[in-house]
$ cat work.pdb   # PDB, C-alpha atoms
ATOM      1  CA  MET Q   9      15.903  -7.260   2.747
ATOM      2  CA  ALA Q  10      15.319  -4.701   5.421
ATOM      3  CA  SER Q  11      12.377  -2.426   5.833
ATOM      4  CA  LEU Q  12      11.486   0.392   8.131
ATOM      5  CA  LEU Q  13       8.016   1.755   8.790
ATOM      6  CA  LEU Q  14       8.058   5.370   9.885
ATOM      7  CA  ASN Q  15       5.039   7.139  11.275
ATOM      8  CA  ILE Q  16       5.409  10.472   9.528
ATOM      9  CA  LEU Q  17       2.141  11.963  10.697
ATOM     10  CA  PRO Q  18       0.098  10.846  13.689
ATOM     11  CA  LYS Q  19      -3.670  11.013  13.313
ATOM     12  CA  ARG Q  20      -4.517  14.636  12.703
ATOM     13  CA  VAL Q  21      -7.422  16.748  11.439
ATOM     14  CA  PHE Q  22      -6.785  19.076   8.487
ATOM     15  CA  ASP Q  23      -9.429  21.752   8.014
ATOM     16  CA  PHE Q  24      -8.967  23.898   4.914
ATOM     17  CA  SER Q  25     -12.240  25.777   5.291
ATOM     18  CA  ASN Q  26     -10.399  29.104   5.325
ATOM     19  CA  THR Q  27      -8.466  28.416   2.137
ATOM     20  CA  LEU Q  28      -9.778  30.592  -0.679
ATOM     21  CA  VAL Q  29     -11.550  28.890  -3.560
ATOM     22  CA  GLY Q  30      -9.099  28.429  -6.401
ATOM     23  CA  GLU Q  31      -6.106  28.533  -4.078
ATOM     24  CA  GLU Q  32      -3.695  25.874  -2.895
ATOM     25  CA  GLN Q  33      -2.247  25.425   0.552
ATOM     26  CA  ILE Q  34       0.939  23.442   1.094
ATOM     27  CA  VAL Q  35       1.791  21.824   4.422
ATOM     28  CA  THR Q  36       5.155  20.150   4.958
ATOM     29  CA  LEU Q  37       4.444  17.094   7.108
ATOM     30  CA  ALA Q  38       8.074  16.043   7.545
ATOM     31  CA  GLU Q  39      11.413  17.052   6.161
ATOM     32  CA  ARG Q  40      14.996  15.845   6.303
ATOM     33  CA  VAL Q  41      13.947  12.197   6.477
ATOM     34  CA  ASP Q  42      17.264  10.390   5.968
ATOM     35  CA  ILE Q  43      16.679   7.934   3.113
ATOM     36  CA  SER Q  44      20.334   7.405   2.263
ATOM     37  CA  GLN Q  45      20.242   3.779   3.443
ATOM     38  CA  TYR Q  46      17.145   2.809   1.490
ATOM     39  CA  CYS Q  47      16.444   2.079  -2.173
ATOM     40  CA  GLY Q  48      12.676   2.212  -2.307
ATOM     41  CA  GLY Q  49       9.834   3.770  -0.438
ATOM     42  CA  ILE Q  50       6.065   3.762  -0.234
ATOM     43  CA  THR Q  51       3.914   6.567   1.081
ATOM     44  CA  ILE Q  52       0.952   5.158   3.021
ATOM     45  CA  VAL Q  53      -1.961   7.474   3.771
ATOM     46  CA  ARG Q  54      -4.816   6.481   6.054
ATOM     47  CA  THR Q  55      -8.008   8.531   5.786
ATOM     48  CA  HIS Q  56      -9.863   8.174   9.069
ATOM     49  CA  ALA Q  57     -12.673  10.569   8.164
ATOM     50  CA  ALA Q  58     -13.220  13.144   5.451
ATOM     51  CA  ASP Q  59     -15.537  15.678   3.872
ATOM     52  CA  LEU Q  60     -13.952  16.340   0.494
ATOM     53  CA  SER Q  61     -16.769  18.161  -1.234
ATOM     54  CA  GLY Q  62     -14.722  21.370  -1.320
ATOM     55  CA  GLY Q  63     -11.683  20.101  -3.212
ATOM     56  CA  SER Q  64      -8.897  17.558  -3.013
ATOM     57  CA  ILE Q  65      -5.723  16.785  -1.107
ATOM     58  CA  LEU Q  66      -2.438  15.363  -2.395
ATOM     59  CA  VAL Q  67       0.227  13.736  -0.233
ATOM     60  CA  GLN Q  68       3.615  13.198  -1.852
ATOM     61  CA  THR Q  69       7.124  12.243  -0.841
ATOM     62  CA  VAL Q  70       9.638  14.503  -2.546
ATOM     63  CA  ALA Q  71      13.382  14.868  -2.632
ATOM     64  CA  ASP Q  72      14.769  17.218   0.011
ATOM     65  CA  GLY Q  73      18.093  18.855  -0.721
ATOM     66  CA  TYR Q  74      18.811  20.221   2.726
ATOM     67  CA  THR Q  75      22.279  21.644   3.156
ATOM     68  CA  GLN Q  76      24.038  23.078   6.172
ATOM     69  CA  ASP Q  77      25.486  25.743   3.919
ATOM     70  CA  ASP Q  78      22.041  27.299   3.670
ATOM     71  CA  PRO Q  79      19.899  25.616   6.312
ATOM     72  CA  THR Q  80      16.906  27.903   5.981
ATOM     73  CA  ALA Q  81      16.493  27.367   2.244
ATOM     74  CA  SER Q  82      13.983  24.752   1.102
ATOM     75  CA  PHE Q  83      15.395  22.615  -1.698
ATOM     76  CA  GLN Q  84      12.500  20.345  -2.493
ATOM     77  CA  PHE Q  85      11.833  18.715  -5.828
ATOM     78  CA  ALA Q  86       8.968  16.464  -6.837
ATOM     79  CA  SER Q  87      10.320  14.346  -9.651
ATOM     80  CA  GLY Q  88       8.033  11.906 -11.387
ATOM     81  CA  ASN Q  89      10.010   8.808 -10.468
ATOM     82  CA  PHE Q  90      10.514   9.633  -6.817
ATOM     83  CA  SER Q  91       7.031   8.964  -5.528
ATOM     84  CA  LEU Q  92       3.703   9.440  -7.203
ATOM     85  CA  PRO Q  93       1.284  11.515  -5.137
ATOM     86  CA  VAL Q  94      -1.529   9.936  -3.169
ATOM     87  CA  SER Q  95      -4.713  11.673  -4.244
ATOM     88  CA  ILE Q  96      -7.443  12.157  -1.675
ATOM     89  CA  SER Q  97     -10.598  13.383  -3.368
ATOM     90  CA  SER Q  98     -14.246  12.452  -3.450
ATOM     91  CA  GLU Q  99     -13.518  10.332  -6.544
ATOM     92  CA  ASP Q 100     -10.616   8.465  -4.948
ATOM     93  CA  VAL Q 101     -12.037   8.149  -1.456
ATOM     94  CA  SER Q 102     -15.615   6.995  -1.784
ATOM     95  CA  THR Q 103     -15.728   5.287   1.598
ATOM     96  CA  VAL Q 104     -13.834   5.875   4.819
ATOM     97  CA  PRO Q 105     -11.805   4.597   6.526
ATOM     98  CA  VAL Q 106      -9.503   3.763   3.664
ATOM     99  CA  VAL Q 107      -5.785   3.321   3.062
ATOM    100  CA  GLN Q 108      -3.945   4.411  -0.065
ATOM    101  CA  ALA Q 109      -0.347   3.822  -1.025
ATOM    102  CA  SER Q 110       2.015   5.025  -3.689
ATOM    103  CA  GLY Q 111       5.600   4.003  -4.208
ATOM    104  CA  SER Q 112       8.598   4.917  -6.225
ATOM    105  CA  LEU Q 113       8.430   3.536  -9.733
ATOM    106  CA  GLY Q 114      10.234   0.295 -10.466
ATOM    107  CA  GLY Q 115      10.808  -0.393  -6.810
ATOM    108  CA  THR Q 116      13.704   2.023  -6.728
ATOM    109  CA  GLY Q 117      14.102   5.714  -7.201
ATOM    110  CA  LEU Q 118      14.675   7.049  -3.710
ATOM    111  CA  GLY Q 119      17.607   9.158  -4.753
ATOM    112  CA  GLY Q 120      19.492  11.563  -2.575
ATOM    113  CA  GLN Q 121      20.037  11.743   1.142
ATOM    114  CA  TYR Q 122      16.861  13.336   2.437
ATOM    115  CA  ALA Q 123      13.160  13.232   1.670
ATOM    116  CA  ALA Q 124      10.243  15.392   2.655
ATOM    117  CA  VAL Q 125       6.550  14.561   2.821
ATOM    118  CA  VAL Q 126       4.317  17.340   1.582
ATOM    119  CA  LEU Q 127       0.551  17.796   1.699
ATOM    120  CA  THR Q 128      -1.135  20.033  -0.876
ATOM    121  CA  ALA Q 129      -4.769  21.058  -0.486
ATOM    122  CA  SER Q 130      -6.645  22.463  -3.493
ATOM    123  CA  ARG Q 131      -9.879  24.275  -2.771
ATOM    124  CA  THR Q 132     -12.218  24.203  -5.762
ATOM    125  CA  ASP Q 133     -15.570  24.765  -4.088
ATOM    126  CA  PRO Q 134     -16.912  26.718  -1.084
ATOM    127  CA  ALA Q 135     -18.033  23.419   0.438
ATOM    128  CA  PRO Q 136     -16.029  21.961   3.350
ATOM    129  CA  LEU Q 137     -12.598  20.435   2.806
ATOM    130  CA  ILE Q 138     -11.795  18.539   5.981
ATOM    131  CA  ALA Q 139      -9.844  15.307   6.384
ATOM    132  CA  THR Q 140      -8.523  13.303   9.326
ATOM    133  CA  LEU Q 141      -5.302  11.707   8.118
ATOM    134  CA  SER Q 142      -2.306   9.742   9.311
ATOM    135  CA  VAL Q 143       0.737   9.001   7.161
ATOM    136  CA  ASP Q 144       3.425   6.312   7.220
ATOM    137  CA  LEU Q 145       6.545   6.002   5.105
ATOM    138  CA  LEU Q 146       7.651   2.441   4.369
ATOM    139  CA  LEU Q 147      11.334   2.343   3.427
ATOM    140  CA  ARG Q 148      12.969  -0.710   1.854
ATOM    141  CA  ASN Q 149      16.551  -1.727   1.417
ATOM    142  CA  PHE Q 150      17.532  -4.691  -0.708
ATOM    143  CA  ASP Q 151      20.427  -5.564   1.588
ATOM    144  CA  GLU Q 152      20.269  -6.381   5.240
ATOM    145  CA  ILE Q 153      21.204  -3.405   7.362
ATOM    146  CA  ASP Q 154      21.396  -2.810  11.043
ATOM    147  CA  GLU Q 155      18.269  -0.820  11.802
ATOM    148  CA  SER Q 156      19.659   0.233  15.150
ATOM    149  CA  THR Q 157      22.174   2.388  13.324
ATOM    150  CA  SER Q 158      19.692   3.793  10.865
ATOM    151  CA  THR Q 159      19.267   7.533  11.047
ATOM    152  CA  ALA Q 160      16.086   7.631   9.004
ATOM    153  CA  LEU Q 161      14.082   9.354  11.687
ATOM    154  CA  PRO Q 162      13.295  12.865  10.506
ATOM    155  CA  LYS Q 163      15.031  15.696  12.273
ATOM    156  CA  ARG Q 164      12.171  18.127  12.513
ATOM    157  CA  CYS Q 165       9.096  16.182  13.447
ATOM    158  CA  GLY Q 166       7.973  13.813  16.111
ATOM    159  CA  CYS Q 167       8.190  10.750  13.879
ATOM    160  CA  GLN Q 168       8.294   7.388  15.579
ATOM    161  CA  ARG Q 169       9.691   4.110  14.359
ATOM    162  CA  ARG Q 170       6.960   1.503  14.215
ATOM    163  CA  LYS Q 171       7.063  -2.264  14.159
TER     164      LYS Q 171
ATOM    165  CA  MET C  10      24.181 -11.781  -6.894
ATOM    166  CA  SER C  11      21.494 -14.057  -5.570
ATOM    167  CA  MET C  12      17.742 -14.364  -5.533
ATOM    168  CA  PHE C  13      15.642 -15.315  -2.553
ATOM    169  CA  GLU C  14      12.100 -16.564  -2.670
ATOM    170  CA  HIS C  15       9.763 -17.224   0.189
ATOM    171  CA  ILE C  16       6.378 -18.900   0.011
ATOM    172  CA  ILE C  17       3.851 -17.486   2.463
ATOM    173  CA  LEU C  18       0.983 -19.942   2.802
ATOM    174  CA  LEU C  19      -2.138 -17.858   3.322
ATOM    175  CA  CYS C  20      -4.817 -20.499   3.097
ATOM    176  CA  PRO C  21      -4.264 -24.267   2.983
ATOM    177  CA  LYS C  22      -6.443 -26.417   0.747
ATOM    178  CA  ARG C  23      -9.962 -25.328   1.589
ATOM    179  CA  THR C  24     -13.415 -25.257   0.036
ATOM    180  CA  VAL C  25     -15.284 -21.985  -0.207
ATOM    181  CA  ASP C  26     -18.959 -22.634  -0.855
ATOM    182  CA  TYR C  27     -21.457 -19.882  -1.593
ATOM    183  CA  ALA C  28     -24.451 -22.207  -1.888
ATOM    184  CA  THR C  29     -26.675 -20.079   0.348
ATOM    185  CA  LEU C  30     -25.788 -16.812  -1.369
ATOM    186  CA  PRO C  31     -28.940 -15.148  -2.749
ATOM    187  CA  SER C  32     -29.154 -14.263  -6.425
ATOM    188  CA  PRO C  33     -27.953 -11.694  -7.292
ATOM    189  CA  GLY C  34     -25.514 -11.059  -4.484
ATOM    190  CA  SER C  35     -21.947 -11.220  -3.283
ATOM    191  CA  GLN C  36     -20.214 -12.357  -0.133
ATOM    192  CA  ASP C  37     -16.647 -11.935   1.102
ATOM    193  CA  VAL C  38     -14.667 -14.594   2.932
ATOM    194  CA  VAL C  39     -11.446 -13.307   4.505
ATOM    195  CA  VAL C  40      -8.902 -16.037   3.875
ATOM    196  CA  ALA C  41      -5.898 -14.143   5.302
ATOM    197  CA  ASP C  42      -5.586 -10.964   7.336
ATOM    198  CA  ARG C  43      -2.757  -8.631   8.401
ATOM    199  CA  ILE C  44      -0.072 -10.397   6.380
ATOM    200  CA  ASP C  45       3.234  -8.568   6.768
ATOM    201  CA  VAL C  46       4.665  -7.910   3.304
ATOM    202  CA  ALA C  47       6.748  -4.866   4.151
ATOM    203  CA  ARG C  48      10.121  -6.461   3.499
ATOM    204  CA  TRP C  49       9.489  -7.934   0.069
ATOM    205  CA  ARG C  50      10.438  -6.304  -3.164
ATOM    206  CA  GLU C  51       8.287  -8.506  -5.371
ATOM    207  CA  LEU C  52       5.094 -10.265  -4.452
ATOM    208  CA  SER C  53       2.856 -12.607  -6.433
ATOM    209  CA  LEU C  54      -0.553 -13.984  -5.578
ATOM    210  CA  VAL C  55      -0.538 -17.741  -6.162
ATOM    211  CA  VAL C  56      -3.883 -19.527  -6.418
ATOM    212  CA  LYS C  57      -4.178 -23.273  -6.859
ATOM    213  CA  VAL C  58      -7.651 -24.461  -7.788
ATOM    214  CA  PHE C  59      -8.105 -28.143  -7.055
ATOM    215  CA  THR C  60     -11.698 -28.308  -8.227
ATOM    216  CA  HIS C  61     -14.651 -26.013  -8.715
ATOM    217  CA  SER C  62     -18.304 -26.056  -9.666
ATOM    218  CA  LEU C  63     -18.327 -22.839 -11.669
ATOM    219  CA  VAL C  64     -19.145 -24.604 -14.925
ATOM    220  CA  SER C  65     -22.759 -24.209 -13.813
ATOM    221  CA  GLY C  66     -22.478 -20.548 -14.761
ATOM    222  CA  ALA C  67     -23.915 -19.492 -11.432
ATOM    223  CA  GLY C  68     -21.311 -16.783 -10.963
ATOM    224  CA  THR C  69     -17.664 -16.125 -10.193
ATOM    225  CA  ILE C  70     -15.251 -16.371  -7.283
ATOM    226  CA  THR C  71     -12.661 -13.608  -7.120
ATOM    227  CA  ILE C  72      -9.504 -13.907  -5.013
ATOM    228  CA  MET C  73      -8.501 -10.329  -4.173
ATOM    229  CA  THR C  74      -5.391  -8.866  -2.568
ATOM    230  CA  LEU C  75      -6.211  -5.713  -0.628
ATOM    231  CA  PRO C  76      -3.745  -3.195   0.817
ATOM    232  CA  GLN C  77      -4.285  -2.928   4.546
ATOM    233  CA  SER C  78      -3.101  -0.745   7.366
ATOM    234  CA  TRP C  79      -3.538  -0.593  11.104
ATOM    235  CA  THR C  80      -2.795   2.111  13.623
ATOM    236  CA  GLU C  81      -2.969   2.109  17.382
ATOM    237  CA  GLU C  82      -4.470   5.602  17.139
ATOM    238  CA  ASP C  83      -7.621   4.076  15.650
ATOM    239  CA  PRO C  84      -7.420   0.385  16.485
ATOM    240  CA  GLY C  85     -11.068  -0.327  15.773
ATOM    241  CA  GLN C  86     -10.935   0.926  12.216
ATOM    242  CA  GLN C  87     -10.164  -1.312   9.277
ATOM    243  CA  PHE C  88      -8.109   0.576   6.725
ATOM    244  CA  LEU C  89      -8.425  -1.219   3.413
ATOM    245  CA  GLY C  90      -7.606  -0.089  -0.108
ATOM    246  CA  ALA C  91      -8.759  -1.106  -3.545
ATOM    247  CA  SER C  92      -7.637  -4.514  -4.788
ATOM    248  CA  VAL C  93      -4.151  -4.530  -6.301
ATOM    249  CA  ALA C  94      -4.308  -8.096  -7.649
ATOM    250  CA  SER C  95      -7.401 -10.128  -8.419
ATOM    251  CA  VAL C  96      -7.778 -13.651  -9.768
ATOM    252  CA  VAL C  97     -11.231 -14.311 -11.205
ATOM    253  CA  LEU C  98     -12.438 -17.900 -11.319
ATOM    254  CA  ASP C  99     -15.377 -18.466 -13.644
ATOM    255  CA  SER C 100     -16.918 -21.077 -15.905
ATOM    256  CA  ALA C 101     -13.927 -20.854 -18.257
ATOM    257  CA  THR C 102     -11.393 -21.656 -15.525
ATOM    258  CA  PRO C 103      -9.909 -25.130 -15.985
ATOM    259  CA  SER C 104     -10.019 -27.630 -13.160
ATOM    260  CA  PRO C 105      -7.475 -28.020 -11.714
ATOM    261  CA  ALA C 106      -5.956 -24.607 -12.357
ATOM    262  CA  TYR C 107      -2.848 -22.728 -11.305
ATOM    263  CA  VAL C 108      -2.764 -18.934 -11.460
ATOM    264  CA  VAL C 109       0.102 -16.610 -10.532
ATOM    265  CA  LEU C 110      -0.501 -12.866 -10.591
ATOM    266  CA  ALA C 111       1.965 -10.125  -9.736
ATOM    267  CA  VAL C 112       1.016  -7.724  -6.954
ATOM    268  CA  ALA C 113       1.848  -4.067  -7.579
ATOM    269  CA  MET C 114       4.561  -3.182  -5.062
ATOM    270  CA  SER C 115       5.356   0.252  -6.502
ATOM    271  CA  GLY C 116       3.766   3.016  -8.500
ATOM    272  CA  ALA C 117       0.328   4.481  -7.918
ATOM    273  CA  ASN C 118      -2.202   2.488  -5.884
ATOM    274  CA  CYS C 119       0.319  -0.116  -4.801
ATOM    275  CA  MET C 120       0.481  -2.534  -1.883
ATOM    276  CA  THR C 121       1.147  -1.202   1.598
ATOM    277  CA  GLY C 122       3.148  -3.060   4.227
ATOM    278  CA  MET C 123       0.201  -5.256   5.168
ATOM    279  CA  ALA C 124      -2.235  -7.313   3.117
ATOM    280  CA  ARG C 125      -5.630  -8.935   3.361
ATOM    281  CA  VAL C 126      -6.764 -11.654   0.960
ATOM    282  CA  VAL C 127     -10.453 -12.067   0.311
ATOM    283  CA  ALA C 128     -12.438 -14.658  -1.633
ATOM    284  CA  ARG C 129     -15.505 -12.918  -3.011
ATOM    285  CA  GLY C 130     -18.370 -14.956  -4.359
ATOM    286  CA  ASN C 131     -20.576 -13.240  -6.920
ATOM    287  CA  ARG C 132     -23.794 -15.017  -7.795
ATOM    288  CA  SER C 133     -25.777 -14.040 -10.882
ATOM    289  CA  VAL C 134     -28.095 -17.034 -11.248
ATOM    290  CA  ALA C 135     -28.991 -20.105  -9.207
ATOM    291  CA  GLY C 136     -26.632 -23.076  -9.200
ATOM    292  CA  ALA C 137     -23.565 -24.509  -7.556
ATOM    293  CA  LEU C 138     -20.929 -21.923  -6.627
ATOM    294  CA  SER C 139     -17.950 -23.418  -4.829
ATOM    295  CA  ALA C 140     -14.238 -23.976  -5.261
ATOM    296  CA  THR C 141     -11.501 -25.836  -3.437
ATOM    297  CA  ILE C 142      -8.486 -23.571  -3.390
ATOM    298  CA  GLU C 143      -5.088 -22.992  -1.857
ATOM    299  CA  VAL C 144      -3.781 -19.434  -1.681
ATOM    300  CA  SER C 145      -0.254 -18.257  -1.035
ATOM    301  CA  PHE C 146       2.120 -15.386  -1.673
ATOM    302  CA  SER C 147       5.352 -15.862  -3.543
ATOM    303  CA  ALA C 148       7.646 -13.206  -2.114
ATOM    304  CA  LYS C 149      10.993 -12.308  -3.608
ATOM    305  CA  VAL C 150      13.717  -9.982  -2.579
ATOM    306  CA  GLY C 151      15.180  -9.703  -6.042
ATOM    307  CA  PRO C 152      18.822  -9.444  -7.042
ATOM    308  CA  THR C 153      20.724  -8.655  -3.882
ATOM    309  CA  GLN C 154      24.333  -7.807  -3.301
ATOM    310  CA  THR C 155      25.130 -10.197  -0.498
ATOM    311  CA  SER C 156      28.695  -9.152   0.064
ATOM    312  CA  ARG C 157      30.394  -5.815   0.170
ATOM    313  CA  PRO C 158      33.858  -5.062  -1.199
ATOM    314  CA  ARG C 159      36.619  -5.733   1.271
ATOM    315  CA  PHE C 160      39.821  -3.807   1.170
ATOM    316  CA  ALA C 161      43.155  -5.339   1.936
ATOM    317  CA  GLY C 162      44.762  -4.246   5.135
TER     318      GLY C 162
END
$ encode --input "work.pdb" --output "structure tokens"
Amino acid sequence: MASLLLNILPKRVFDFSNTLVGEEQIVTLAERVDISQYCGGITIVRTHAADLSGGSILVQTVADGYTQDDPTASFQFASGNFSLPVSISSEDVSTVPVVQASGSLGGTGLGGQYAAVVLTASRTDPAPLIATLSVDLLLRNFDEIDESTSTALPKRCGCQRRK
Amino acid sequence: MSMFEHIILLCPKRTVDYATLPSPGSQDVVVADRIDVARWRELSLVVKVFTHSLVSGAGTITIMTLPQSWTEEDPGQQFLGASVASVVLDSATPSPAYVVLAVAMSGANCMTGMARVVARGNRSVAGALSATIEVSFSAKVGPTQTSRPRFAG
């Protein structure tokens, strides 16, 4: 059994105060994370601080169908069995700091070659919607693999392998 | 195909006694902290109860498994999640007792790569409230292909 803990998002403040009420704002935290060597994954979200009175935030790992034939196109698909979203709202996060995790159903389900981690903010109230977050992606393989040859580090973000 | 199991001893035989706990009230005792569970596919909380005094009806003792995380960006903060597996010992618990409970390793609100185990005493009325317990994780990889096809030549 091999596992790899990737820091997808270093500690960062997200302020959605300028998002219109009733609107959503989507932020891609990482894309082209090579998951081809792993069978299962868990999205781990740490909430360092938050004022969620103005809405809610979802963090989800989705399938990323990047292709060199059309590198600028975004082929992302959030299937139900890939990874359930981590919900950050005043109901889910009553105290901070807190950690939440969500994994692929049945311990498997990381299909495809690439994954992306997407944050979606939904503004439902004029009140503030601010959160300080950091995100890890825990990847598991049921066979031993040589982590030194793993290419799971995302191509387009400053992700770091953690121990 | 093969199956591997590993027993992670979290707390050797030990007595947790909440005799001085006011009524009503609760108190947490951290029995294990920062346990690395990242590599396991299946995890079970194993609680062995050697003896307890809960027949007095004074309250309950809950053994909880909490998801945990740590980051060097905020090293002083304790990131804990809601319990993903809880064993409740009460007046109906036999003595001795053996309880095995699966820990959610996938799906919503599952375990992270690190775990904390807490023994929480909840007192409702006066009386003896103690238990002698041993706590461990049973970790399993699950069916694993240990060899890959080899091609002649």
$ interface_residues --input "work.pdb" --of "chain C" --to "chain Q" --cutoff "8 Å" --atoms "all atoms listed in the file" --output "list in words"
Ala47, Arg48, Trp49, Arg50, Pro76, Gln77, Ser78, Glu82, Gln86, Gln87, Phe88, Leu89, Gly90, Met114, Ser115, Gly116, Ala117, Asn118, Cys119, Met120, Thr121, Gly122, Val150, Gly151, Thr153, Gln154 and Thr155 of chain C
$ closest_residue --input "work.pdb" --among "Q:Gly120, Q:Ser97, Q:Leu127, Q:Leu28" --to "Gly63 (chain Q)" --atoms "only C-alpha atoms"
Q:Ser97
$ atom_distance --input "work.pdb" --atom1 "CA of Glu31 (chain Q)" --atom2 "CA of Ala123 (chain Q)"
25.3 Å
$ resolve_selection --input "work.pdb" --expression "the PyMOL selection byres ((chain C and resi 143) around 10)" --output "list in words"
Leu18, Leu19, Cys20, Pro21, Lys22, Arg23, Thr24, Val40, Val55, Val56, Lys57, Val58, Phe59, Tyr107, Ala140, Thr141, Ile142, Val144 and Ser145 of chain C
$ resolve_selection --input "work.pdb" --expression "the PyMOL selection byres ((chain Q and resi 30) around 12)" --output "ChimeraX atom specification"
/Q:26-29,31-33,62-64,129-134
$ atom_distance --input "work.pdb" --atom1 "CA of Leu54 (chain C)" --atom2 "CA of Gly68 (chain C)"
21.6 Å
$ closest_residue --input "work.pdb" --among "Q:Thr36, Q:Thr75, Q:Ser98, Q:Ser61" --to "Ala124 (chain Q)" --atoms "all atoms listed in the file"
Q:Thr36
$ resolve_selection --input "work.pdb" --expression "the PyMOL selection byres ((chain Q and resi 44) around 9)" --output "list in words"
Asp42, Ile43, Gln45, Tyr46, Cys47, Leu118, Gly119, Gly120, Gln121, Tyr122, Thr159 and Ala160 of chain Q
